[in-house]
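A.B. asks: Sharing work-v1.cif, mmCIF, C-alpha atoms:
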data_protein
loop_
_atom_site.label_atom_id
_atom_site.label_comp_id
_atom_site.auth_asym_id
_atom_site.auth_seq_id
_atom_site.Cartn_x
_atom_site.Cartn_y
_atom_site.Cartn_z
CA MET U 1 -72.92 197.83 205.19
CA ARG U 2 -75.78 195.77 206.62
CA GLU U 3 -78.54 197.30 208.70
CA VAL U 4 -78.19 196.65 212.43
CA SER U 5 -80.82 196.37 215.18
CA ILE U 6 -81.02 196.03 218.94
CA ILE U 7 -83.13 193.02 219.91
CA GLY U 8 -82.36 192.82 223.63
CA ALA U 9 -81.69 195.48 226.26
CA TYR U 10 -81.30 195.43 230.01
CA GLN U 11 -79.67 197.39 232.81
CA THR U 12 -79.30 196.86 236.53
CA LYS U 13 -80.48 199.44 239.00
CA HIS U 14 -77.74 202.02 239.44
CA GLY U 15 -76.45 202.76 242.93
CA ASN U 16 -73.98 201.91 245.67
CA HIS U 17 -74.23 198.11 245.58
CA ALA U 18 -72.18 197.19 248.62
CA ASP U 19 -74.11 193.93 248.83
CA LYS U 20 -73.39 192.86 245.24
CA HIS U 21 -70.28 191.43 243.63
CA LEU U 22 -69.08 192.52 240.19
CA ARG U 23 -70.06 189.04 238.97
CA GLU U 24 -73.67 189.61 240.03
CA LEU U 25 -73.96 192.86 238.06
CA VAL U 26 -72.59 191.15 234.95
CA THR U 27 -74.90 188.16 235.40
CA GLU U 28 -78.04 190.26 235.86
CA ALA U 29 -77.44 192.61 232.95
CA GLY U 30 -76.15 189.99 230.50
CA ASN U 31 -78.80 187.38 231.19
CA GLY U 32 -81.46 190.09 231.22
CA ALA U 33 -80.52 191.29 227.74
CA ILE U 34 -80.27 187.74 226.36
CA LYS U 35 -83.71 186.89 227.77
CA ASP U 36 -85.13 190.11 226.34
CA SER U 37 -83.70 189.24 222.92
CA GLY U 38 -85.43 185.86 222.77
CA ILE U 39 -82.37 184.10 221.33
CA ASP U 40 -80.29 181.20 222.60
CA ARG U 41 -76.95 182.42 223.97
CA LYS U 42 -75.26 179.94 221.62
CA GLU U 43 -76.19 182.29 218.76
CA ILE U 44 -73.95 185.05 220.15
CA GLN U 45 -70.75 185.12 218.12
CA ALA U 46 -68.73 187.80 219.94
CA VAL U 47 -68.72 189.83 223.14
CA TYR U 48 -67.68 193.48 223.52
CA VAL U 49 -67.19 194.83 227.05
CA GLY U 50 -66.85 198.45 228.16
CA ASN U 51 -64.94 198.73 231.43
CA TYR U 52 -62.70 201.45 232.77
CA ALA U 53 -60.86 200.20 235.85
CA GLY U 54 -61.96 196.75 236.94
CA ASN U 55 -58.33 195.95 237.62
CA GLU U 56 -58.17 198.64 240.33
CA PHE U 57 -61.74 198.76 241.60
CA ASN U 58 -62.28 194.98 241.61
CA SER U 59 -58.81 193.38 241.20
CA GLN U 60 -60.03 191.93 237.90
CA ASN U 61 -58.20 192.08 234.58
CA THR U 62 -59.17 190.24 231.37
CA MET U 63 -62.70 191.60 231.78
CA ALA U 64 -63.99 190.45 228.39
CA SER U 65 -63.24 186.78 228.90
CA TYR U 66 -64.51 187.13 232.47
CA VAL U 67 -67.88 188.36 231.14
CA SER U 68 -68.26 185.77 228.39
CA THR U 69 -67.41 182.98 230.85
CA ILE U 70 -69.88 184.20 233.47
CA LEU U 71 -72.65 184.38 230.85
CA GLY U 72 -71.91 180.90 229.52
CA ILE U 73 -71.39 182.11 225.98
CA GLY U 74 -68.36 179.96 225.43
CA ASN U 75 -65.43 180.11 223.09
CA VAL U 76 -66.20 183.29 221.17
CA PRO U 77 -63.99 186.32 220.52
CA SER U 78 -64.27 188.68 223.49
CA TYR U 79 -62.95 192.22 223.57
CA ARG U 80 -62.57 194.77 226.36
CA LEU U 81 -62.75 198.43 225.31
CA GLU U 82 -61.32 201.10 227.63
CA GLY U 83 -61.59 204.82 226.98
CA ALA U 84 -62.53 206.18 230.41
CA CYS U 85 -66.07 207.60 230.19
CA ALA U 86 -66.29 206.54 226.53
CA SER U 87 -65.62 202.85 227.28
CA GLY U 88 -69.22 201.68 226.89
CA GLY U 89 -69.74 203.75 223.77
CA LEU U 90 -66.59 202.32 222.23
CA ALA U 91 -67.80 198.78 222.95
CA LEU U 92 -71.12 199.52 221.24
CA ASN U 93 -69.30 201.09 218.29
CA GLN U 94 -67.15 198.01 217.76
CA GLY U 95 -70.09 195.63 218.11
CA PHE U 96 -72.15 197.68 215.67
CA HIS U 97 -69.44 197.73 213.00
CA ALA U 98 -68.73 194.01 213.46
CA VAL U 99 -72.34 193.22 212.57
CA ALA U 100 -72.70 195.94 209.92
CA SER U 101 -69.56 194.75 208.13
CA GLY U 102 -70.66 191.11 208.05
CA ARG U 103 -67.98 189.81 210.37
CA PHE U 104 -70.59 188.56 212.86
CA ASP U 105 -74.36 188.25 212.74
CA THR U 106 -75.18 188.55 216.44
CA VAL U 107 -73.09 190.05 219.26
CA LEU U 108 -73.49 191.05 222.88
CA VAL U 109 -72.30 194.43 224.15
CA LEU U 110 -72.00 194.93 227.91
CA GLY U 111 -70.71 197.78 230.04
CA VAL U 112 -69.90 197.36 233.72
CA GLU U 113 -68.26 199.23 236.58
CA LYS U 114 -68.37 198.61 240.31
CA MET U 115 -66.73 201.72 241.75
CA ASN U 116 -67.81 201.72 245.38
CA THR U 117 -65.02 199.46 246.62
CA GLN U 118 -62.48 202.06 247.78
CA ASP U 119 -62.39 205.08 250.07
CA PRO U 120 -63.20 208.43 248.34
CA THR U 121 -59.56 209.52 248.06
CA LYS U 122 -58.51 206.28 246.38
CA THR U 123 -61.56 206.39 244.11
CA MET U 124 -60.64 209.89 242.91
CA GLU U 125 -57.05 208.76 242.34
CA ILE U 126 -58.27 205.91 240.11
CA VAL U 127 -60.67 208.18 238.23
CA SER U 128 -57.94 210.80 237.68
CA LYS U 129 -55.86 208.21 235.83
CA GLY U 130 -58.28 208.69 232.94
CA GLN U 131 -56.33 211.87 232.27
CA ASP U 132 -52.64 212.50 231.61
CA PHE U 133 -51.61 211.32 235.05
CA GLU U 134 -47.90 212.10 234.80
CA PHE U 135 -48.25 215.69 233.65
CA GLU U 136 -51.67 216.65 235.04
CA GLY U 137 -53.33 214.05 237.26
CA LYS U 138 -50.53 214.08 239.83
CA PHE U 139 -50.88 217.86 240.07
CA CYS U 140 -54.57 217.83 241.00
CA VAL U 141 -55.98 218.33 237.50
CA SER U 142 -58.97 216.04 237.92
CA GLY U 143 -62.43 215.68 236.41
CA PRO U 144 -63.94 218.36 238.67
CA SER U 145 -61.11 220.87 238.29
CA GLY U 146 -60.73 220.24 234.55
CA PHE U 147 -64.42 220.72 233.79
CA ALA U 148 -64.51 223.72 236.12
CA LEU U 149 -62.08 225.34 233.68
CA ASN U 150 -64.55 224.58 230.87
CA ALA U 151 -67.34 226.16 232.88
CA MET U 152 -65.38 229.32 233.75
CA ARG U 153 -64.35 229.87 230.14
CA HIS U 154 -67.89 229.23 228.84
CA MET U 155 -69.21 231.76 231.36
CA HIS U 156 -66.57 234.28 230.30
CA GLU U 157 -67.16 233.94 226.57
CA PHE U 158 -70.93 233.49 226.40
CA GLY U 159 -72.48 234.80 229.61
CA THR U 160 -73.42 231.34 230.87
CA THR U 161 -74.51 231.59 234.51
CA LYS U 162 -74.57 229.51 237.66
CA GLU U 163 -78.37 229.48 237.32
CA MET U 164 -78.02 227.75 233.94
CA LEU U 165 -75.75 225.08 235.39
CA SER U 166 -78.17 224.54 238.27
CA THR U 167 -81.05 224.19 235.82
CA VAL U 168 -79.26 221.21 234.24
CA ALA U 169 -78.96 219.56 237.65
CA GLU U 170 -82.55 220.33 238.72
CA LYS U 171 -83.92 219.01 235.42
CA ASN U 172 -81.90 215.80 235.57
CA TYR U 173 -82.87 215.14 239.18
CA PHE U 174 -86.49 215.56 238.07
CA HIS U 175 -86.00 213.07 235.24
CA GLY U 176 -84.18 210.67 237.57
CA SER U 177 -87.07 210.78 240.02
CA LYS U 178 -89.13 209.05 237.32
CA ASN U 179 -86.53 206.39 236.54
CA PRO U 180 -86.60 203.18 238.63
CA TYR U 181 -83.06 202.37 237.41
CA ALA U 182 -81.56 205.66 238.67
CA HIS U 183 -79.09 205.95 241.54
CA LYS U 184 -80.82 209.07 242.89
CA GLN U 185 -84.61 209.00 242.47
CA LYS U 186 -85.38 212.21 244.28
CA VAL U 187 -86.25 215.74 243.18
CA VAL U 188 -83.83 218.40 244.48
CA SER U 189 -84.99 222.00 244.60
CA PHE U 190 -83.35 224.69 242.51
CA LYS U 191 -82.67 226.66 245.70
CA ASN U 192 -80.81 223.77 247.32
CA ILE U 193 -78.75 223.24 244.18
CA MET U 194 -77.80 226.91 244.00
CA ASN U 195 -76.87 227.03 247.69
CA ALA U 196 -74.92 223.75 247.82
CA ARG U 197 -71.31 223.78 248.99
CA MET U 198 -68.73 224.66 246.38
CA VAL U 199 -66.39 221.89 245.20
CA THR U 200 -64.28 223.67 242.61
CA THR U 201 -65.41 227.07 241.34
CA PRO U 202 -67.95 227.40 239.76
CA LEU U 203 -69.05 223.78 240.26
CA GLY U 204 -70.91 222.90 243.42
CA PHE U 205 -71.89 219.60 244.97
CA HIS U 206 -74.92 219.18 242.68
CA ASP U 207 -72.92 219.90 239.51
CA MET U 208 -71.11 216.56 239.88
CA SER U 209 -72.03 213.09 238.65
CA LEU U 210 -72.41 210.20 241.08
CA VAL U 211 -69.96 207.39 241.93
CA THR U 212 -72.08 204.45 240.85
CA ASP U 213 -72.13 200.66 240.47
CA ALA U 214 -74.09 199.17 237.56
CA ALA U 215 -74.06 197.07 234.40
CA ALA U 216 -75.95 197.53 231.14
CA CYS U 217 -76.20 195.27 228.11
CA VAL U 218 -77.62 195.07 224.60
CA VAL U 219 -77.81 192.26 222.05
CA ILE U 220 -77.50 193.42 218.46
CA THR U 221 -77.98 191.58 215.19
CA THR U 222 -78.79 192.18 211.55
CA ARG U 223 -81.99 194.02 210.72
CA GLU U 224 -83.11 191.03 208.66
CA LYS U 225 -82.68 188.60 211.54
CA ALA U 226 -84.27 191.05 213.99
CA LYS U 227 -87.52 191.12 212.03
CA SER U 228 -88.14 187.47 212.81
CA LEU U 229 -87.03 187.70 216.45
CA SER U 230 -88.40 190.89 217.92
CA LYS U 231 -91.71 192.70 217.85
CA LYS U 232 -89.90 195.94 218.61
CA PRO U 233 -86.42 195.92 217.06
CA VAL U 234 -84.61 199.24 217.34
CA SER U 235 -82.39 200.17 214.41
CA ILE U 236 -78.92 201.55 215.00
CA LYS U 237 -78.52 203.88 212.03
CA ALA U 238 -74.98 204.97 212.85
CA SER U 239 -72.17 204.83 215.39
CA ALA U 240 -69.10 207.04 215.12
CA VAL U 241 -66.04 207.93 217.16
CA GLY U 242 -64.14 211.21 217.28
CA GLY U 243 -60.82 212.08 218.83
CA ASP U 244 -58.95 214.97 220.42
CA TYR U 245 -55.68 215.65 222.21
CA PHE U 246 -55.41 213.69 225.44
CA THR U 247 -53.51 216.25 227.51
CA LEU U 248 -55.64 219.17 228.70
CA SER U 249 -52.94 221.76 228.06
CA MET U 250 -52.80 220.78 224.37
CA LYS U 251 -56.49 221.36 223.67
CA LYS U 252 -57.23 224.36 221.44
CA ASP U 253 -60.02 225.82 223.55
CA SER U 254 -62.12 225.12 226.62
CA VAL U 255 -65.64 225.66 225.28
CA SER U 256 -65.90 222.78 222.81
CA PHE U 257 -65.06 219.08 222.64
CA PRO U 258 -63.74 218.37 219.11
CA ALA U 259 -64.20 214.61 219.58
CA THR U 260 -67.94 215.18 220.04
CA VAL U 261 -68.12 217.46 217.00
CA LYS U 262 -66.31 214.95 214.78
CA ALA U 263 -68.30 211.94 215.98
CA ALA U 264 -71.60 213.79 215.51
CA GLU U 265 -70.74 214.92 211.99
CA GLU U 266 -69.85 211.38 210.94
CA ALA U 267 -72.86 209.78 212.64
CA PHE U 268 -75.45 212.16 211.21
CA LYS U 269 -73.95 211.72 207.74
CA MET U 270 -73.89 207.92 208.09
CA ALA U 271 -77.46 207.81 209.37
CA ASN U 272 -78.76 210.32 206.80
CA VAL U 273 -80.87 212.10 209.43
CA LYS U 274 -81.04 215.76 210.40
CA ARG U 275 -80.88 217.33 213.84
CA GLU U 276 -84.55 218.24 213.64
CA ASP U 277 -85.39 214.53 213.23
CA ILE U 278 -84.20 213.77 216.77
CA ASP U 279 -87.01 213.35 219.32
CA VAL U 280 -84.99 212.51 222.43
CA LEU U 281 -81.30 212.66 223.36
CA GLU U 282 -78.95 211.10 225.89
CA CYS U 283 -75.62 212.88 226.17
CA HIS U 284 -72.74 212.94 228.61
CA ASP U 285 -73.28 215.16 231.67
CA CYS U 286 -70.51 214.13 234.02
CA PHE U 287 -70.75 217.76 235.11
CA THR U 288 -73.56 220.20 234.41
CA ILE U 289 -71.40 222.26 232.04
CA THR U 290 -70.75 219.11 229.98
CA GLU U 291 -74.40 218.76 228.97
CA ILE U 292 -74.51 222.41 227.92
CA ILE U 293 -71.36 222.10 225.80
CA ASN U 294 -72.47 218.76 224.34
CA ILE U 295 -75.86 219.94 223.05
CA GLU U 296 -73.92 222.72 221.31
CA ASP U 297 -71.20 220.47 219.89
CA LEU U 298 -73.79 217.92 218.71
CA GLY U 299 -75.31 220.71 216.61
CA PHE U 300 -78.66 221.16 218.33
CA VAL U 301 -77.91 224.64 219.67
CA GLU U 302 -75.65 227.44 218.48
CA LYS U 303 -72.32 227.60 220.31
CA GLY U 304 -72.74 229.65 223.47
CA LYS U 305 -76.53 229.27 223.58
CA GLY U 306 -76.74 225.91 225.37
CA GLY U 307 -77.22 227.43 228.80
CA PHE U 308 -79.96 229.77 227.60
CA TYR U 309 -81.69 226.90 225.78
CA THR U 310 -81.64 224.86 228.98
CA LEU U 311 -82.84 227.75 231.15
CA ASP U 312 -85.84 228.16 228.82
CA GLY U 313 -86.92 224.57 229.58
CA HIS U 314 -86.38 223.10 226.12
CA THR U 315 -84.36 220.12 227.39
CA ARG U 316 -86.93 219.08 230.00
CA LEU U 317 -89.54 216.36 229.51
CA GLY U 318 -92.24 218.06 227.45
CA GLY U 319 -89.74 220.49 225.92
CA LYS U 320 -88.52 220.83 222.32
CA LEU U 321 -85.70 218.31 222.85
CA PRO U 322 -85.82 216.24 226.05
CA VAL U 323 -82.22 215.60 227.11
CA ASN U 324 -81.18 212.84 229.51
CA THR U 325 -84.61 211.45 230.31
CA SER U 326 -82.81 208.78 232.36
CA GLY U 327 -81.64 211.45 234.79
CA GLY U 328 -78.25 211.47 233.13
CA LEU U 329 -75.01 210.90 234.95
CA LYS U 330 -76.21 213.47 237.47
CA ALA U 331 -79.12 211.37 238.79
CA LYS U 332 -79.01 207.98 237.08
CA GLY U 333 -75.32 207.83 237.96
CA HIS U 334 -71.97 207.35 236.26
CA PRO U 335 -70.67 203.76 236.42
CA VAL U 336 -67.87 204.78 234.07
CA GLY U 337 -67.53 201.73 231.81
CA ALA U 338 -71.27 201.04 231.79
CA THR U 339 -72.48 204.58 231.10
CA GLY U 340 -72.35 204.52 227.29
CA VAL U 341 -74.21 201.22 227.04
CA GLY U 342 -76.71 202.42 229.64
CA GLN U 343 -77.48 205.47 227.50
CA VAL U 344 -78.27 203.16 224.57
CA VAL U 345 -80.50 201.04 226.80
CA GLU U 346 -82.41 204.18 227.87
CA MET U 347 -82.93 205.20 224.24
CA THR U 348 -84.05 201.66 223.40
CA PHE U 349 -86.68 201.86 226.14
CA GLN U 350 -87.82 205.23 224.79
CA LEU U 351 -88.14 203.99 221.21
CA ARG U 352 -89.99 200.87 222.38
CA GLU U 353 -92.29 203.09 224.45
CA GLU U 354 -91.29 201.34 227.69
CA SER U 355 -90.17 204.36 229.72
CA GLY U 356 -93.18 204.83 231.96
CA GLU U 357 -93.51 208.31 233.47
CA ARG U 358 -90.47 209.60 231.60
CA GLN U 359 -91.73 208.46 228.18
CA VAL U 360 -91.32 211.01 225.40
CA LYS U 361 -94.48 211.08 223.30
CA ASN U 362 -94.08 209.77 219.74
CA ALA U 363 -90.34 209.14 220.17
CA ARG U 364 -89.04 207.63 216.93
CA THR U 365 -85.41 208.77 216.55
#
Would you put the structure from the file into structure tokens?
C.D. replies:
Amino acid sequence: MREVSIIGAYQTKHGNHADKHLRELVTEAGNGAIKDSGIDRKEIQAVYVGNYAGNEFNSQNTMASYVSTILGIGNVPSYRLEGACASGGLALNQGFHAVASGRFDTVLVLGVEKMNTQDPTKTMEIVSKGQDFEFEGKFCVSGPSGFALNAMRHMHEFGTTKEMLSTVAEKNYFHGSKNPYAHKQKVVSFKNIMNARMVTTPLGFHDMSLVTDAAACVVITTREKAKSLSKKPVSIKASAVGGDYFTLSMKKDSVSFPATVKAAEEAFKMANVKREDIDVLECHDCFTITEIINIEDLGFVEKGKGGFYTLDGHTRLGGKLPVNTSGGLKAKGHPVGATGVGQVVEMTFQLREESGERQVKNART
């Protein structure tokens, strides 16, 4: 396999963009990444788009061709990847392997979601279709209630506390306050987080991610080509995908995500790096419990110790392993199809030392 590098990265500000059309988000992010890459758009040989529900949020199907047309890239293969919250990550994975395998030399990967187009009830109905809608979604098993089950079981088995969950939220709000791209750029006190109204036990208002509009984009090419194009190319050493049962009732337990475990094992092996080599981490925190479980499943913390590790301040800027310096889905926001690409953009900014107040010192991996 060939070595692969990111040569262009861009993301829109995340937020409730009532004044912007889906087309404008795509245009800003795509053109921004192409400009950052320094290449002519005619050099792009394929487009990979992460999008969850443009057909329902924006009445737009055929999202990949829509994106390539808007960006003036022309008659190139264009693919839309949909896997709910994993949509952007799947798009990046496919673009990476297309370049690594030699199929294409230069590709564009874009994630986009404009969610604030419906009333809250309709929005939750659309989001719940990312689960087994017939057997669970129609019976009120949603993101909040499903992850609340994870939280309750994690608390039961390992002594994880509400204070630990609130520490995730407080930390990510703090990180988001330093991120000009974040949806919520405001510190929220630990006391306010602890005392917030309950949504679904034990998750309160501040344990939830935000309903966000945004687009994010990267241009990737071969390492050899990147050397002549970019002063700060960022290598992608690995990209892996794991899987698990779709239906909640079929999962083996509620304190681990096997897809995360499998993807991490493959990626670390492919990259030939160790956990202790990692300087900074972006991981999914659609709910506060998710970040705790993910840092365990990724192998950075022993199972059951994620909450304690967080409470001790290790995941905060300046800690042993800064997690979600962007503010995560909690503060930066969760534009579902764009989230995975946005996480890669954040890590690109960190490795290029372009993260301003949230910069992790000596970030290399």
A.B. asks: Determine, counting all atoms listed in the file, which protein, DNA and RNA residues have an atom within 10 Å of an atom of Glu291 of chain U; residues of the same chain fewer than 3 positions away are not included. Present the result as a list in words.
C.D. replies: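 Listing them by chain and then by number gives Leu165, Val168, Ala169, Glu282, Cys283, His284, Asp285, Cys286, Phe287, Thr288, Asn294, Ile295, Glu296, Asp297, Gly306, Gly307, Thr310, Val323, Asn324, Gly328 and Leu329 of chain U.
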A.B. asks: U:Ser235, U:Ser189, U:Asn362, U:Asn58: which is nearest Asn116 of chain U, counting only C-alpha atoms?
C.D. replies: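 The answer is U:Asn58, which sits nearest to Asn116 of chain U.
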A.B. asks: What residues come out when you apply the PyMOL selection byres ((chain U and resi 213) around 10) to this file, written as a ChimeraX atom specification?
C.D. replies: /U:12-18,20-22,25,112-117,183,210-212,214-215,333-338
A.B. asks: Restricting the calculation to all atoms listed in the file, which member of U:Leu71, U:Met208, U:Cys85, U:Met194 is positioned closest to Ser145 of chain U?
C.D. replies: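 Of U:Leu71, U:Met208, U:Cys85, U:Met194, the one nearest Ser145 of chain U, counting all atoms listed in the file, is U:Met208.
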A.B. asks: Measuring between all atoms listed in the file, which one of U:Val49, U:Ile6, U:Leu281, U:Leu351 shows the shortest distance to Thr325 of chain U?
C.D. replies: U:Leu281
A.B. asks: So how many Å separate atom CA of Thr167 of chain U and atom CA of Gln11 of chain U, to one decimal?
C.D. replies: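 These two atoms are separated by 27.0 Å.
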A.B. asks: Can you give me, as a list in words, the residues this file yields under the PyMOL selection byres ((chain U and resi 220) around 6)?
C.D. replies: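 Checked against the file, the PyMOL selection byres ((chain U and resi 220) around 6) matches Ser5, Ile6, Ile7, Thr106, Val107, Val219 and Thr221 of chain U.
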A.B. asks: Atoms are missing here; could segment 261-270 of chain U be completed with all heavy atoms and written as a PDB file, in the frame of the given file?
C.D. replies:
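Ended up saving to selection.pdb:
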ATOM      1  N   VAL U 261     -67.774 216.834 218.284  1.00  0.00           N
ATOM      2  CA  VAL U 261     -68.120 217.460 217.000  1.00  0.00           C
ATOM      3  C   VAL U 261     -67.861 216.492 215.851  1.00  0.00           C
ATOM      4  O   VAL U 261     -68.709 216.291 214.969  1.00  0.00           O
ATOM      5  CB  VAL U 261     -67.323 218.764 216.802  1.00  0.00           C
ATOM      6  CG1 VAL U 261     -67.579 219.349 215.413  1.00  0.00           C
ATOM      7  CG2 VAL U 261     -67.670 219.783 217.880  1.00  0.00           C
ATOM      8  N   LYS U 262     -66.684 215.856 215.868  1.00  0.00           N
ATOM      9  CA  LYS U 262     -66.310 214.950 214.780  1.00  0.00           C
ATOM     10  C   LYS U 262     -67.200 213.710 214.754  1.00  0.00           C
ATOM     11  O   LYS U 262     -67.640 213.268 213.687  1.00  0.00           O
ATOM     12  CB  LYS U 262     -64.836 214.530 214.937  1.00  0.00           C
ATOM     13  CG  LYS U 262     -63.845 215.672 214.764  1.00  0.00           C
ATOM     14  CD  LYS U 262     -62.431 215.244 215.146  1.00  0.00           C
ATOM     15  CE  LYS U 262     -61.455 216.402 215.100  1.00  0.00           C
ATOM     16  NZ  LYS U 262     -60.101 216.024 215.578  1.00  0.00           N
ATOM     17  N   ALA U 263     -67.450 213.137 215.922  1.00  0.00           N
ATOM     18  CA  ALA U 263     -68.300 211.940 215.980  1.00  0.00           C
ATOM     19  C   ALA U 263     -69.708 212.258 215.503  1.00  0.00           C
ATOM     20  O   ALA U 263     -70.323 211.478 214.761  1.00  0.00           O
ATOM     21  CB  ALA U 263     -68.338 211.398 217.409  1.00  0.00           C
ATOM     22  N   ALA U 264     -70.247 213.406 215.912  1.00  0.00           N
ATOM     23  CA  ALA U 264     -71.600 213.790 215.510  1.00  0.00           C
ATOM     24  C   ALA U 264     -71.700 213.998 214.007  1.00  0.00           C
ATOM     25  O   ALA U 264     -72.650 213.535 213.358  1.00  0.00           O
ATOM     26  CB  ALA U 264     -72.018 215.059 216.244  1.00  0.00           C
ATOM     27  N   GLU U 265     -70.728 214.676 213.439  1.00  0.00           N
ATOM     28  CA  GLU U 265     -70.740 214.920 211.990  1.00  0.00           C
ATOM     29  C   GLU U 265     -70.761 213.607 211.222  1.00  0.00           C
ATOM     30  O   GLU U 265     -71.533 213.436 210.273  1.00  0.00           O
ATOM     31  CB  GLU U 265     -69.509 215.751 211.589  1.00  0.00           C
ATOM     32  CG  GLU U 265     -69.586 217.207 212.031  1.00  0.00           C
ATOM     33  CD  GLU U 265     -68.313 217.967 211.711  1.00  0.00           C
ATOM     34  OE1 GLU U 265     -67.311 217.322 211.303  1.00  0.00           O
ATOM     35  OE2 GLU U 265     -68.299 219.204 211.881  1.00  0.00           O
ATOM     36  N   GLU U 266     -69.918 212.672 211.638  1.00  0.00           N
ATOM     37  CA  GLU U 266     -69.850 211.380 210.940  1.00  0.00           C
ATOM     38  C   GLU U 266     -71.132 210.582 211.131  1.00  0.00           C
ATOM     39  O   GLU U 266     -71.656 209.983 210.178  1.00  0.00           O
ATOM     40  CB  GLU U 266     -68.659 210.571 211.462  1.00  0.00           C
ATOM     41  CG  GLU U 266     -68.493 209.231 210.757  1.00  0.00           C
ATOM     42  CD  GLU U 266     -67.329 208.409 211.287  1.00  0.00           C
ATOM     43  OE1 GLU U 266     -66.407 208.993 211.891  1.00  0.00           O
ATOM     44  OE2 GLU U 266     -67.354 207.170 211.095  1.00  0.00           O
ATOM     45  N   ALA U 267     -71.663 210.570 212.349  1.00  0.00           N
ATOM     46  CA  ALA U 267     -72.860 209.780 212.640  1.00  0.00           C
ATOM     47  C   ALA U 267     -74.086 210.299 211.899  1.00  0.00           C
ATOM     48  O   ALA U 267     -74.862 209.520 211.330  1.00  0.00           O
ATOM     49  CB  ALA U 267     -73.123 209.757 214.142  1.00  0.00           C
ATOM     50  N   PHE U 268     -74.291 211.606 211.905  1.00  0.00           N
ATOM     51  CA  PHE U 268     -75.450 212.160 211.210  1.00  0.00           C
ATOM     52  C   PHE U 268     -75.353 211.922 209.695  1.00  0.00           C
ATOM     53  O   PHE U 268     -76.358 211.636 209.041  1.00  0.00           O
ATOM     54  CB  PHE U 268     -75.593 213.656 211.498  1.00  0.00           C
ATOM     55  CG  PHE U 268     -76.353 213.942 212.767  1.00  0.00           C
ATOM     56  CD1 PHE U 268     -75.681 214.240 213.940  1.00  0.00           C
ATOM     57  CD2 PHE U 268     -77.739 213.894 212.788  1.00  0.00           C
ATOM     58  CE1 PHE U 268     -76.383 214.491 215.119  1.00  0.00           C
ATOM     59  CE2 PHE U 268     -78.451 214.143 213.950  1.00  0.00           C
ATOM     60  CZ  PHE U 268     -77.766 214.449 215.119  1.00  0.00           C
ATOM     61  N   LYS U 269     -74.148 212.000 209.155  1.00  0.00           N
ATOM     62  CA  LYS U 269     -73.950 211.720 207.740  1.00  0.00           C
ATOM     63  C   LYS U 269     -74.218 210.252 207.436  1.00  0.00           C
ATOM     64  O   LYS U 269     -74.894 209.907 206.452  1.00  0.00           O
ATOM     65  CB  LYS U 269     -72.528 212.101 207.324  1.00  0.00           C
ATOM     66  CG  LYS U 269     -72.255 211.903 205.840  1.00  0.00           C
ATOM     67  CD  LYS U 269     -70.837 212.352 205.481  1.00  0.00           C
ATOM     68  CE  LYS U 269     -70.554 212.155 203.999  1.00  0.00           C
ATOM     69  NZ  LYS U 269     -69.159 212.582 203.650  1.00  0.00           N
ATOM     70  N   MET U 270     -73.701 209.359 208.268  1.00  0.00           N
ATOM     71  CA  MET U 270     -73.890 207.920 208.090  1.00  0.00           C
ATOM     72  C   MET U 270     -75.369 207.542 208.185  1.00  0.00           C
ATOM     73  O   MET U 270     -75.876 206.728 207.414  1.00  0.00           O
ATOM     74  CB  MET U 270     -73.089 207.154 209.152  1.00  0.00           C
ATOM     75  CG  MET U 270     -73.096 205.638 208.982  1.00  0.00           C
ATOM     76  SD  MET U 270     -72.328 204.777 210.403  1.00  0.00           S
ATOM     77  CE  MET U 270     -70.706 205.534 210.463  1.00  0.00           C
TER      78      MET U 270
END
